[in-house]
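> Okay, handing you the structure first.
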Amino acid sequence: MELSDGLNKALRYRWLIFSVLAVSYMLVYFHRLCPAVVAEDMMRDLKAGGVLVGLLGSAYFYPYALMQLPAGLLADSWGPRKSITTFFMVAFAGSIILGWAPSVFWAILGRTLVGLGVSMLFVPTMKILAEWFRKNEFANMTGILVAMGGVGSLTATSPLAYLSKAVGWRYSFIIVGLVTLALSLLLWLIVRDRPAVMNWPSPLENTKIEQSSIGLWEGIKKVLGYWPFWPLAIWFFFGCAVFFAFIGLWGGPYLMQVYGLTKPQAGNILMMSAIGMVMGSPLLSFLSNRIFKARKPLLVIASLITLSITSILAFHTDGLSIPVLYLLCFFMGVFTNAIVVIGFTSIKELFPVQIAGTSTGLVNLFPFLGGAILQPFMGYLLEQCGRHGEAFTVSGYQHAFTAMFICGVIAFVASLFIKETLSEESET
C-alpha cells in the first residue's frame with residue numbers, strides 16, 4: 001500500500017516538474033528569436049550596422065551550440081536540477097547586461113551569456129523526463145515540450161513588439177531577465193532529478209533493460225564514423241539556418257523596411273511561424289507515425305517546401321502581398337522548425353539507446369552553428385548593398401535571401417541521402 005501511494009505521488013508530482021521545465025523552455029525560444037522584432041531599434045540605439053547586429057543575434061547560438069555535448073556531461077555529474085538552475089542564473093545576468101548595454105560590445109556579451117545560460121535546459125530536461133516518464137510516454141512529452149517552445153517563440157513576436165513599444169527594448173530585456181531569475185528559483189524549488197530523491201518508487205522500475213555501457217569517446221567515434229549521421233547533420237545545419245536567420249533576426253527589419261510595416265504589424269506576421277511550430281509538431285509526428293509510417297518522406301517534403309519559400313523570398317523580395325507573407329512565415333514555422341522533431345527522432349533511431357544522448361548532443365551542434373554563421377553573413381550582404389537612410393535596400397535583401405535560397409538547395413539535396421529509420425534496426 002505504501003509503495004502504491006508513493007508511486008501515485010510520483011505520477012502526480014512529475015506533471016508539476018514538467019510544467020516548470022516547459023515554461024522555462026518557452027523562455028529558451030523567446031531568447032532565441034527575440035532580436036527580429038527589436039533589431040531595428042537596437043541598430044539605431046547602439047549605432048550598429050548589419051554585420052554587428054548579425055553578430056549580436058548570432059552571439060546566442062555559438063555558446064548554445066558548443067554546450068550541447070557538455071550539457072549531457074554536466075547533467076550526469078552535477079545532476080539536471082543543479083545544472084539548469086545554475087545556468088539560468090547566467091541567463092538572468094546576460095539579459096540584464098543586454099538591457100543596460102551602453103555599446104555593441106556589452107550587448108554581444110550579454111547575449112552570449114544568455115545563450116550560454118539557456119543552453120543547459122534541453123538535454124538535462126530530456127534526462128529528467130527519462131527518469132519520470134515511461135518509455136511509451138517519453139515521445140509524447142518531448143512533442144509537448146517542443147510545442148511549448150513554439151509558444152515561447154510566439155511571445156518573441158507580437159507580445160515583445162507591444163512590450164518594447166510601451167517600455168523600450170532595454171526595459172523589455174530587463175523584465176525578461178527578472179522572469180528568468182524567478183524561473184531559476186522555481187526550478188530549484190520544484191524540480192527533482194528522479195523520484196528516488198523524494199523516496200518515491202520510479203515509474204520505470206518494471207521497464208528497466210540491462211544494457212552494456214558505451215564510453216563517451218567511444219560513443220562520439222561511433223556517431224561521427226557512421227555515414228548516415230552526416231546527411232542529417234548537414235540537413236540540420238542548412239535547414240535550421242534559414243529559420244534562425246529569417247524568423248530569428250532579419251525577418252523583422254525586412255518587413256518594416258521593405259513593406260513599411262509597423263513593429264506590431266511585423267510581429268503579427270512573424271508570430272505565424274510560432275503558430276506553425278505549435279500546430280506542426282504534433283501534426284508531423286502523427287503523419288510520420290500513422291500516415292507515412294516513415295521519417296524520410298516528410299524530411300524530403302519539408303526540405304522541398306523550405307526551398308520553395310526561400311526562392312519566393314529571394315526572387316520576389318518586394319512583390320509579395322501581406323497574406324502571402326503571413327503564409328510564408330506559417331509554413332516556415334512548420335517546415336523549417338517543427339520538422340526538427342522528425343529529425344531528432346531519426347537521429348535517436350539511428351543509434352543504440354546507450355549513446356542516444358551523445359548522438360542528440362552532437363547533431364544539435366549543427367542547427368545552431370548554421371544560424372550563428374548565416375545571421376552575420378546576411379548582415380554583411382545587406383551592408384554591401386548600401387542603405388536608404390537607416391533602411392537596407394531591396395537589393396540588399398535580395399542578396400541576403402539568395403544566401404537562404406542556397407541553404408535551402410543544400411538542405412534539400414542532403415535530405416535525399418537521409419537513411420530511413422522508422423522500420424529499421426540500427427546496424428551500428
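Chain labels A, B, ... are given in the sequence in which chains occur in the C-alpha cells; within each chain residues are numbered consecutively from 1, and ligands are likewise numbered from 1 in the order shown.
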Tell me, which residues of range 9-250 of chain A carry DSSP helix (DSSP H, G or I), written as an MDAnalysis selection string?
chainID A and resid 9:33 35:46 50:58 61:66 68:77 80:100 104:118 122:132 135:155 158:190 195:198 205:207 216:224 229:250
> Find the residues near range 323-331 of chain A: any atom within 9 Å, counting only C-alpha atoms, skip ones fewer than 3 places away on the same chain, and give them as a VMD selection string.
chain A and resid 247 255 268 to 277 305 to 306 309 312 to 313 320 334 to 336
> Can you measure CA of Ile322 in chain A to CA of Lys263 in chain A for me? One decimal in Å is fine.
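Here the two named atoms are 14.4 Å from each other.
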> Excluding same-chain residues fewer than 4 positions from Lys165 in chain A, what lies within 9 Å of it counting only C-alpha atoms, as a list in words?
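That gives Leu160, Ala161, Trp169, Lys263 and Pro264 of chain A.
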> Let me see the file: selected residues, N, CA and C atoms, as an mmCIF file, in the first residue's frame.

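The result, stored in selection.cif:
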data_model
loop_
_atom_site.group_PDB
_atom_site.id
_atom_site.type_symbol
_atom_site.label_atom_id
_atom_site.label_comp_id
_atom_site.auth_asym_id
_atom_site.auth_seq_id
_atom_site.Cartn_x
_atom_site.Cartn_y
_atom_site.Cartn_z
ATOM 1 N N LEU A 160 6.288 40.846 -27.660
ATOM 2 C CA LEU A 160 7.516 41.626 -27.461
ATOM 3 C C LEU A 160 7.425 42.967 -28.189
ATOM 4 N N ALA A 161 6.808 42.955 -29.371
ATOM 5 C CA ALA A 161 6.664 44.202 -30.115
ATOM 6 C C ALA A 161 5.864 45.228 -29.312
ATOM 7 N N TRP A 169 13.077 48.660 -25.829
ATOM 8 C CA TRP A 169 13.703 47.329 -25.916
ATOM 9 C C TRP A 169 14.590 47.041 -24.716
ATOM 10 N N LYS A 263 6.177 47.968 -36.149
ATOM 11 C CA LYS A 263 6.743 46.863 -35.376
ATOM 12 C C LYS A 263 5.676 45.849 -34.959
ATOM 13 N N PRO A 264 4.522 46.271 -34.418
ATOM 14 C CA PRO A 264 3.477 45.281 -34.087
ATOM 15 C C PRO A 264 2.971 44.523 -35.312
#
> Would you pick out the contacts of Phe315 in chain A at 9 Å or less, using only C-alpha atoms, so that residues sharing its chain but fewer than 4 positions from it are not included, and give the list as a PDB file with C-alpha atoms, in the first residue's frame?

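Okay, out-v9.pdb is ready:
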ATOM      1  CA  THR A 310      13.415  30.739 -49.878  1.00  0.00           C
ATOM      2  CA  SER A 311      13.043  31.003 -53.659  1.00  0.00           C
ATOM      3  CA  GLY A 319       6.464  41.874 -54.684  1.00  0.00           C
ATOM      4  CA  GLN A 398      17.555  40.041 -52.420  1.00  0.00           C
ATOM      5  CA  PHE A 401      17.719  35.922 -49.237  1.00  0.00           C
ATOM      6  CA  THR A 402      19.674  34.368 -52.102  1.00  0.00           C
TER       7      THR A 402
END
> At a cut-off of 10 Å, using only C-alpha atoms, what residues contact Met43 in chain A? Leave out same-chain residues fewer than 3 positions from it and give the result as a list in words.
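Answer for this query is Val38, Ala39, Glu40, Leu46, Lys47, Ala48, Gly49, Gly50, Leu52, Val53, Val104 and Glu390 of chain A.
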> Any chance you could export the current selection's C-alpha atoms as a PDB file, in the first residue's frame?

ATOM      1  CA  VAL A  38      13.700  44.818 -31.876  1.00  0.00           C
ATOM      2  CA  ALA A  39      16.647  44.620 -34.325  1.00  0.00           C
ATOM      3  CA  GLU A  40      15.818  47.978 -35.936  1.00  0.00           C
ATOM      4  CA  LEU A  46      23.608  51.122 -30.436  1.00  0.00           C
ATOM      5  CA  LYS A  47      24.659  52.775 -33.719  1.00  0.00           C
ATOM      6  CA  ALA A  48      25.369  49.338 -35.198  1.00  0.00           C
ATOM      7  CA  GLY A  49      25.417  48.190 -38.807  1.00  0.00           C
ATOM      8  CA  GLY A  50      24.107  44.964 -40.298  1.00  0.00           C
ATOM      9  CA  LEU A  52      27.381  43.940 -35.932  1.00  0.00           C
ATOM     10  CA  VAL A  53      23.678  43.281 -35.423  1.00  0.00           C
ATOM     11  CA  VAL A 104      27.518  46.800 -29.072  1.00  0.00           C
ATOM     12  CA  GLU A 390      18.639  53.912 -41.960  1.00  0.00           C
TER      13      GLU A 390
END
> Excluding Thr112 in chain A and its own-chain neighbours fewer than 2 positions away, which residues fall within 8 Å of it when counting only C-alpha atoms? Please give them as a ChimeraX atom specification.
/A:59-63,94,108-110,114-116
> Could you write out that same residue set with N, CA and C atoms as an mmCIF file, in the first residue's frame?

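Just written: again10.cif:
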data_model
loop_
_atom_site.group_PDB
_atom_site.id
_atom_site.type_symbol
_atom_site.label_atom_id
_atom_site.label_comp_id
_atom_site.auth_asym_id
_atom_site.auth_seq_id
_atom_site.Cartn_x
_atom_site.Cartn_y
_atom_site.Cartn_z
ATOM 1 N N ALA A 59 25.325 35.756 -31.439
ATOM 2 C CA ALA A 59 26.078 35.530 -30.195
ATOM 3 C C ALA A 59 25.372 34.541 -29.279
ATOM 4 N N TYR A 60 24.070 34.391 -29.437
ATOM 5 C CA TYR A 60 23.307 33.393 -28.682
ATOM 6 C C TYR A 60 23.688 31.982 -29.117
ATOM 7 N N PHE A 61 23.906 31.804 -30.427
ATOM 8 C CA PHE A 61 23.999 30.462 -30.996
ATOM 9 C C PHE A 61 25.347 29.789 -30.752
ATOM 10 N N TYR A 62 26.436 30.550 -30.743
ATOM 11 C CA TYR A 62 27.756 29.933 -30.566
ATOM 12 C C TYR A 62 27.879 29.201 -29.228
ATOM 13 N N PRO A 63 27.615 29.874 -28.095
ATOM 14 C CA PRO A 63 27.710 29.138 -26.832
ATOM 15 C C PRO A 63 26.659 28.042 -26.709
ATOM 16 N N GLY A 94 22.906 37.745 -18.131
ATOM 17 C CA GLY A 94 23.084 38.152 -19.514
ATOM 18 C C GLY A 94 21.969 39.055 -20.008
ATOM 19 N N ILE A 108 26.627 42.300 -27.103
ATOM 20 C CA ILE A 108 27.070 40.978 -27.553
ATOM 21 C C ILE A 108 27.449 40.109 -26.358
ATOM 22 N N LEU A 109 28.128 40.704 -25.372
ATOM 23 C CA LEU A 109 28.486 39.959 -24.159
ATOM 24 C C LEU A 109 27.228 39.464 -23.447
ATOM 25 N N GLY A 110 26.249 40.345 -23.306
ATOM 26 C CA GLY A 110 25.005 39.953 -22.636
ATOM 27 C C GLY A 110 24.301 38.830 -23.354
ATOM 28 N N VAL A 114 23.393 34.973 -22.271
ATOM 29 C CA VAL A 114 22.040 34.416 -22.385
ATOM 30 C C VAL A 114 22.086 33.068 -23.093
ATOM 31 N N GLY A 115 22.802 33.014 -24.228
ATOM 32 C CA GLY A 115 22.912 31.752 -24.964
ATOM 33 C C GLY A 115 23.561 30.664 -24.138
ATOM 34 N N LEU A 116 24.609 31.032 -23.393
ATOM 35 C CA LEU A 116 25.272 30.067 -22.507
ATOM 36 C C LEU A 116 24.310 29.576 -21.434
#
> Kindly give the distance, in Å, that separates CA of Ser4 in chain A and CA of Pro201 in chain A, rounded to a single decimal.
8.6 Å
> Restricting the calculation to only C-alpha atoms: of A:Leu66, A:Met120, A:Leu422, A:Met378, which residue gets closest to Ser288 in chain A?
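Looking at the shortest contact to Ser288 in chain A, the residue is A:Leu422.
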> So how many Å separate CA of Phe344 in chain A and CA of Phe122 in chain A, to one decimal?
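Going from CA of Phe344 in chain A over to CA of Phe122 in chain A covers 12.5 Å.
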> So which one's closest to Leu21 in chain A, A:Val191, A:Leu287, A:Ile373, A:Val258? Using only C-alpha atoms, please.
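Result for the nearest residue to Leu21 in chain A: A:Val191.
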> Go through A:Leu145, A:Asp41, A:Asn337, A:Ile96 and flag the residue nearest Gly248 in chain A, using only C-alpha atoms for the distances.
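Among the listed residues, the smallest separation from Gly248 in chain A belongs to A:Asn337.
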> Step one, run DSSP on the backbone; step two, keep only residues of range 293-408 of chain A assigned to strand (DSSP E or B); then write them as an MDAnalysis selection string.
chainID A and resid 387:388 391:392
> From the options A:Leu304, A:Ala400, A:Met332, A:Leu369, which residue's atoms come nearest to Ala414 in chain A, counting only C-alpha atoms?
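Counting only C-alpha atoms, the residue closest to Ala414 in chain A is A:Leu304.
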> Counting only C-alpha atoms, figure out which residue out of A:Phe292, A:Phe377, A:Phe238, A:Tyr162 gets nearest to Ala411 in chain A.
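Answer, going by the shortest atom-to-atom distance: A:Phe238.
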